[in-house]
Amino acid sequence: MRAAVADFAPLPDVVVHAPPGFDARQKLHLVIVLHGMGHSPLVWAGSGLPDPRTGRPVIGWGGEVRHDLAGTRSLLVVPQCDERGGRARMGRLQSRGGFRRFLDELLGETLAPRLGAHTLADVETVTLVGSSAGGPAIANLLDLDDLDGRVRNVVLFDSLYGAESIFARWLLGATAANPRRFVCIHGGTRYTAPAAARLAAALRPALRDGLVVEPRTAMTEAVRAHRAVFAMVDCEHICMGNAYLDKVLLGLDLPRRAPDPEPKTPVDPPPPPGASVTLDAPLRGALTADDRRMRDGSYFDDYALDLAAGESVRLELRGGATRGFLCHTLDVQLRVLDGDRALADDDDGAGRLASRIDFVAPRAGRYTVRVMAHGPWVNTGAYTLRATRPVAP
């Protein structure tokens with residue numbers, strides 16, 4: 001691309017992912033990821049794409065899969081930043097009008113053979129996502145402000161290293177016609193925690209209840225209900241984006257698309273569950289490589305739950321330590337089924353990565369409680385499942 005960050009031949013200037021069934025005839029919503037130092041779009045969002053230098057498929061981090069899990073009708077765009085010493089990371093994009101020129105060429109020429117020719121006027125919203133060193137780059141782009149208010153969301157994954165005044169000015173510049181949301185997820189280190197605390201304190205007087213620090217609810221619900229979210233998580237620095245991207249995108253005001261085939265469907269019909277869930281008796285188990293798998297590759301365990309008609313129960317699932325990808329705690333998801341039909345499902349409803357379902361049995365009989373690893377990766381680890389009576393409101 002002429003208007004790319006710099007000349008990266010033979011590497012691609014940008015990787016763009018369109019989810020299955022994407023309809024380019026409608027208004028466009030762009031999710032633009034600015035990656036960290038030493039990484040590339042092929043790694044962040046190009047699982048299986050060939051590296052032009054070797055011809056071999058790149059073993060990527062699966063950012064495009066996480067994007068699709070959110071079920072939004074958006075394009076994932078990951079430009080190649082400049083990692084060469086002494087160069088500005090955003091290169092040409094860092095000059096006034098540079099980001100606009102990049103998007104004009106991308107939409108009007110580069111993607112035209114696949115999606116038809118578009119202009120910036122066809123873009124309704126832009127969501128900027130920064131991973132690691134991507135945060136300062138986003139601050140530069142916001143400071144230039146040449147997209148006519150189309151940047152509606154800024155999401156930082158362990159990438160707030162300063163520039164609090166720029167982010168505050170951008171967020172507080174929202175209007176009824178141009179709403180804006182800010183999400184800062186960080187690891188609590190000395191590199192990002194002080195800046196997050198300062199920015200949250202600066203925003204609190206204006207946003208009041210529209211801002212939340214360390215939300216107790218699911219990340220998706222926290223993002224949906226607030227204009228600004230600050231959360232510290234127990235997750236690898238460079239993995240936060242892929243661990244939380246789908247959860248954050250689900251909470252933003254992005255249009256939905258027709259759902260893909262359900263990824264949380266067993267590869268093979270599972271046998272009836274053997275072990276039973278008992279009230280007030282914690283059940284400790286583990287997802288292992290010997291367990292049955294879902295279509296998305298994740299593992300799951302099934303348990304039986306016998307209830308009378310109208311009987312209510314609270315199910316709470318918490319993951320233990322994991323050596324898998326992404327976070328240090330197993331990211332779990334909980335489901336209640338009647339035969340093959342899902343009656344209730346939850347991800348992160350108990351806060352952090354834990355799940356909770358308050359369930360009332362519509363009939364007397366046996367139900368299946370399904371413990372799953374969230375997302376498409378083959379993460380393993382211990383978990384604890386508890387069944388109690390719901391607390392009265």
# chains A, B, ... in the order shown; residues from 1 in each chain; ligands from 1

call {"tool": "select_by_dssp", "arguments": {"residues": "range 77-218 of chain A", "states": "strand (DSSP E or B)", "output": "list in words"}}
result
Val77, Val78, Pro79, Val123, Glu124, Thr125, Val126, Thr127, Leu128, Val129, Gly130, Ser131, Val151, Arg152, Asn153, Val154, Val155, Leu156, Phe157, Arg181, Phe182, Val183, Cys184, Ile185, His186, Leu211, Val212 and Val213 of chain A

call {"tool": "closest_atom_pairs", "arguments": {"of": "range 3-91 of chain A", "to": "range 245-263 of chain A", "cutoff": "7 Å", "atoms": "only C-alpha atoms", "output": "Markdown table"}}
result
| residue | atom | partner | partner_atom | distance |
| --- | --- | --- | --- | --- |
| A:Arg66 | CA | A:Asp246 | CA | 5.1 |
| A:His67 | CA | A:Asp246 | CA | 5.6 |
| A:Leu69 | CA | A:Asp246 | CA | 5.8 |
| A:Ala70 | CA | A:Asp246 | CA | 4.7 |
| A:Gly71 | CA | A:Arg256 | CA | 5.9 |
| A:Thr72 | CA | A:Arg256 | CA | 4.5 |
| A:Arg73 | CA | A:Arg257 | CA | 5.0 |

call {"tool": "closest_residue", "arguments": {"among": "A:Glu214, A:Gln333, A:Ala163, A:Tyr383", "to": "Ala321 in chain A", "atoms": "only C-alpha atoms"}}
result
A:Tyr383

call {"tool": "select_by_dssp", "arguments": {"residues": "range 51-221 of chain A", "states": "helix (DSSP H, G or I)", "output": "number ranges by chain"}}
result
A: 63-69, 91-94, 98-110, 112-115, 120-122, 134-144, 164-172, 193-210, 219-221

call {"tool": "atom_distance", "arguments": {"atom1": "CA of Leu115 in chain A", "atom2": "CA of Val33 in chain A"}}
result
19.9 Å

call {"tool": "residues_around", "arguments": {"residues": "range 327-330 of chain A", "least_positions_apart": "2", "cutoff": "12 Å", "atoms": "only C-alpha atoms", "output": "ChimeraX atom specification"}}
result
/A:187,233-244,286-288,298-299,317-325,332-333,348,352-355,371-375,377-384

call {"tool": "residues_around", "arguments": {"residues": "Arg227 in chain A", "least_positions_apart": "3", "cutoff": "12 Å", "atoms": "only C-alpha atoms", "output": "mmCIF file with C-alpha atoms, in the first residue's frame"}}
result
data_model
loop_
_atom_site.group_PDB
_atom_site.id
_atom_site.type_symbol
_atom_site.label_atom_id
_atom_site.label_comp_id
_atom_site.auth_asym_id
_atom_site.auth_seq_id
_atom_site.Cartn_x
_atom_site.Cartn_y
_atom_site.Cartn_z
ATOM 1 C CA ARG A 152 -16.268 5.505 19.045
ATOM 2 C CA ASN A 153 -14.322 3.005 21.181
ATOM 3 C CA VAL A 154 -10.787 2.761 22.531
ATOM 4 C CA VAL A 155 -9.669 -0.506 24.117
ATOM 5 C CA ALA A 168 -9.515 11.985 28.783
ATOM 6 C CA LEU A 171 -13.597 10.433 25.916
ATOM 7 C CA LEU A 172 -15.098 13.577 27.421
ATOM 8 C CA ALA A 174 -18.455 12.553 23.370
ATOM 9 C CA PRO A 179 -20.992 8.381 21.985
ATOM 10 C CA ARG A 180 -17.614 7.078 23.119
ATOM 11 C CA ARG A 181 -16.383 4.242 25.351
ATOM 12 C CA PHE A 182 -13.018 3.510 26.900
ATOM 13 C CA VAL A 183 -11.780 0.170 28.261
ATOM 14 C CA CYS A 184 -8.445 -0.244 30.039
ATOM 15 C CA ALA A 200 -9.656 6.912 36.309
ATOM 16 C CA LEU A 203 -12.503 10.943 34.668
ATOM 17 C CA ARG A 204 -14.485 10.158 37.836
ATOM 18 C CA ALA A 206 -17.357 13.916 34.987
ATOM 19 C CA LEU A 207 -18.474 10.299 34.469
ATOM 20 C CA ARG A 208 -19.555 9.410 38.032
ATOM 21 C CA ASP A 209 -21.481 6.115 37.794
ATOM 22 C CA GLY A 210 -20.546 5.866 34.139
ATOM 23 C CA LEU A 211 -17.081 4.751 35.226
ATOM 24 C CA VAL A 212 -16.207 1.520 37.007
ATOM 25 C CA VAL A 213 -12.902 0.349 38.462
ATOM 26 C CA GLU A 221 -21.724 -6.461 31.199
ATOM 27 C CA ALA A 222 -19.326 -3.915 32.699
ATOM 28 C CA VAL A 223 -18.448 -2.602 29.236
ATOM 29 C CA ARG A 224 -22.104 -2.526 28.184
ATOM 30 C CA PHE A 230 -10.698 -0.082 34.312
ATOM 31 C CA GLY A 251 -20.215 -5.250 25.333
ATOM 32 C CA LEU A 252 -19.682 -2.484 22.790
ATOM 33 C CA ASP A 253 -22.466 -1.008 20.670
#

call {"tool": "residues_around", "arguments": {"residues": "Ser131 in chain A", "least_positions_apart": "5", "cutoff": "7 Å", "atoms": "only C-alpha atoms", "output": "ChimeraX atom specification"}}
result
/A:34-36,156-159,241

call {"tool": "closest_residue", "arguments": {"among": "A:Ala202, A:Leu76, A:Leu160, A:Leu305", "to": "Phe22 in chain A", "atoms": "only C-alpha atoms"}}
result
A:Leu76

call {"tool": "closest_residue", "arguments": {"among": "A:Ala24, A:Asp13, A:Glu64, A:Arg150", "to": "Pro52 in chain A", "atoms": "only C-alpha atoms"}}
result
A:Asp13

call {"tool": "closest_residue", "arguments": {"among": "A:Arg386, A:Arg190, A:Arg101, A:Arg198", "to": "Phe167 in chain A", "atoms": "only C-alpha atoms"}}
result
A:Arg198

call {"tool": "atom_distance", "arguments": {"atom1": "CA of Ala309 in chain A", "atom2": "CA of Pro282 in chain A"}}
result
23.2 Å

call {"tool": "residues_around", "arguments": {"residues": "Trp61 in chain A", "least_positions_apart": "6", "cutoff": "7 Å", "atoms": "only C-alpha atoms", "output": "NGL selection string"}}
result
:A and (43-45 or 47)

call {"tool": "write_last_selection", "arguments": {"atoms": "N, CA and C atoms", "output": "CSV table (one decimal), in the first residue's frame"}}
result
chain,number,residue,atom,x,y,z
A,43,VAL,N,1.0,-12.6,13.1
A,43,VAL,CA,1.0,-13.4,14.4
A,43,VAL,C,-0.3,-13.0,15.2
A,44,TRP,N,-0.6,-11.8,15.2
A,44,TRP,CA,-1.8,-11.3,16.1
A,44,TRP,C,-3.1,-11.9,15.5
A,45,ALA,N,-3.2,-11.8,14.2
A,45,ALA,CA,-4.6,-12.1,13.6
A,45,ALA,C,-4.5,-12.9,12.3
A,47,SER,N,-3.7,-16.5,11.9
A,47,SER,CA,-3.5,-18.0,12.1
A,47,SER,C,-3.6,-18.7,10.8

call {"tool": "closest_residue", "arguments": {"among": "A:Thr278, A:Gln26, A:Thr265, A:Ser312", "to": "Ala121 in chain A", "atoms": "only C-alpha atoms"}}
result
A:Gln26

call {"tool": "residues_around", "arguments": {"residues": "Val5 in chain A", "least_positions_apart": "6", "cutoff": "8 Å", "atoms": "only C-alpha atoms", "output": "PDB file with N, CA and C atoms, in the first residue's frame"}}
result
ATOM      1  N   ASP A  13       1.432  -5.176   4.470  1.00  0.00           N
ATOM      2  CA  ASP A  13       1.251  -3.900   5.159  1.00  0.00           C
ATOM      3  C   ASP A  13       0.128  -3.967   6.180  1.00  0.00           C
ATOM      4  N   PRO A  79      -2.816  -3.238  11.052  1.00  0.00           N
ATOM      5  CA  PRO A  79      -1.694  -2.724  10.269  1.00  0.00           C
ATOM      6  C   PRO A  79      -0.363  -3.218  10.830  1.00  0.00           C
ATOM      7  N   GLN A  80       0.635  -3.317   9.968  1.00  0.00           N
ATOM      8  CA  GLN A  80       1.987  -3.634  10.413  1.00  0.00           C
ATOM      9  C   GLN A  80       2.648  -2.363  10.916  1.00  0.00           C
ATOM     10  N   CYS A  81       2.998  -2.338  12.206  1.00  0.00           N
ATOM     11  CA  CYS A  81       3.714  -1.181  12.758  1.00  0.00           C
ATOM     12  C   CYS A  81       5.206  -1.309  12.445  1.00  0.00           C
ATOM     13  N   ASP A  82       5.916  -0.214  12.543  1.00  0.00           N
ATOM     14  CA  ASP A  82       7.333  -0.182  12.191  1.00  0.00           C
ATOM     15  C   ASP A  82       8.172  -0.488  13.429  1.00  0.00           C
ATOM     16  N   ARG A  89       6.784   4.285  15.153  1.00  0.00           N
ATOM     17  CA  ARG A  89       6.039   3.032  14.996  1.00  0.00           C
ATOM     18  C   ARG A  89       4.907   3.154  13.998  1.00  0.00           C
ATOM     19  N   MET A  90       4.264   4.305  13.928  1.00  0.00           N
ATOM     20  CA  MET A  90       3.139   4.475  13.026  1.00  0.00           C
ATOM     21  C   MET A  90       3.541   5.123  11.703  1.00  0.00           C
ATOM     22  N   GLY A  91       4.793   5.459  11.530  1.00  0.00           N
ATOM     23  CA  GLY A  91       5.291   5.942  10.252  1.00  0.00           C
ATOM     24  C   GLY A  91       4.401   6.989   9.614  1.00  0.00           C
ATOM     25  N   ARG A  92       3.960   6.711   8.382  1.00  0.00           N
ATOM     26  CA  ARG A  92       3.138   7.674   7.632  1.00  0.00           C
ATOM     27  C   ARG A  92       1.811   7.975   8.326  1.00  0.00           C
ATOM     28  N   LEU A  93       1.319   7.026   9.106  1.00  0.00           N
ATOM     29  CA  LEU A  93       0.025   7.229   9.764  1.00  0.00           C
ATOM     30  C   LEU A  93       0.119   8.273  10.857  1.00  0.00           C
TER      31      LEU A  93
END

call {"tool": "closest_residue", "arguments": {"among": "A:His186, A:Arg341, A:Arg25, A:Arg96", "to": "Asp145 in chain A", "atoms": "only C-alpha atoms"}}
result
A:Arg96

call {"tool": "atom_distance", "arguments": {"atom1": "CA of Phe102 in chain A", "atom2": "CA of Gly46 in chain A"}}
result
20.0 Å
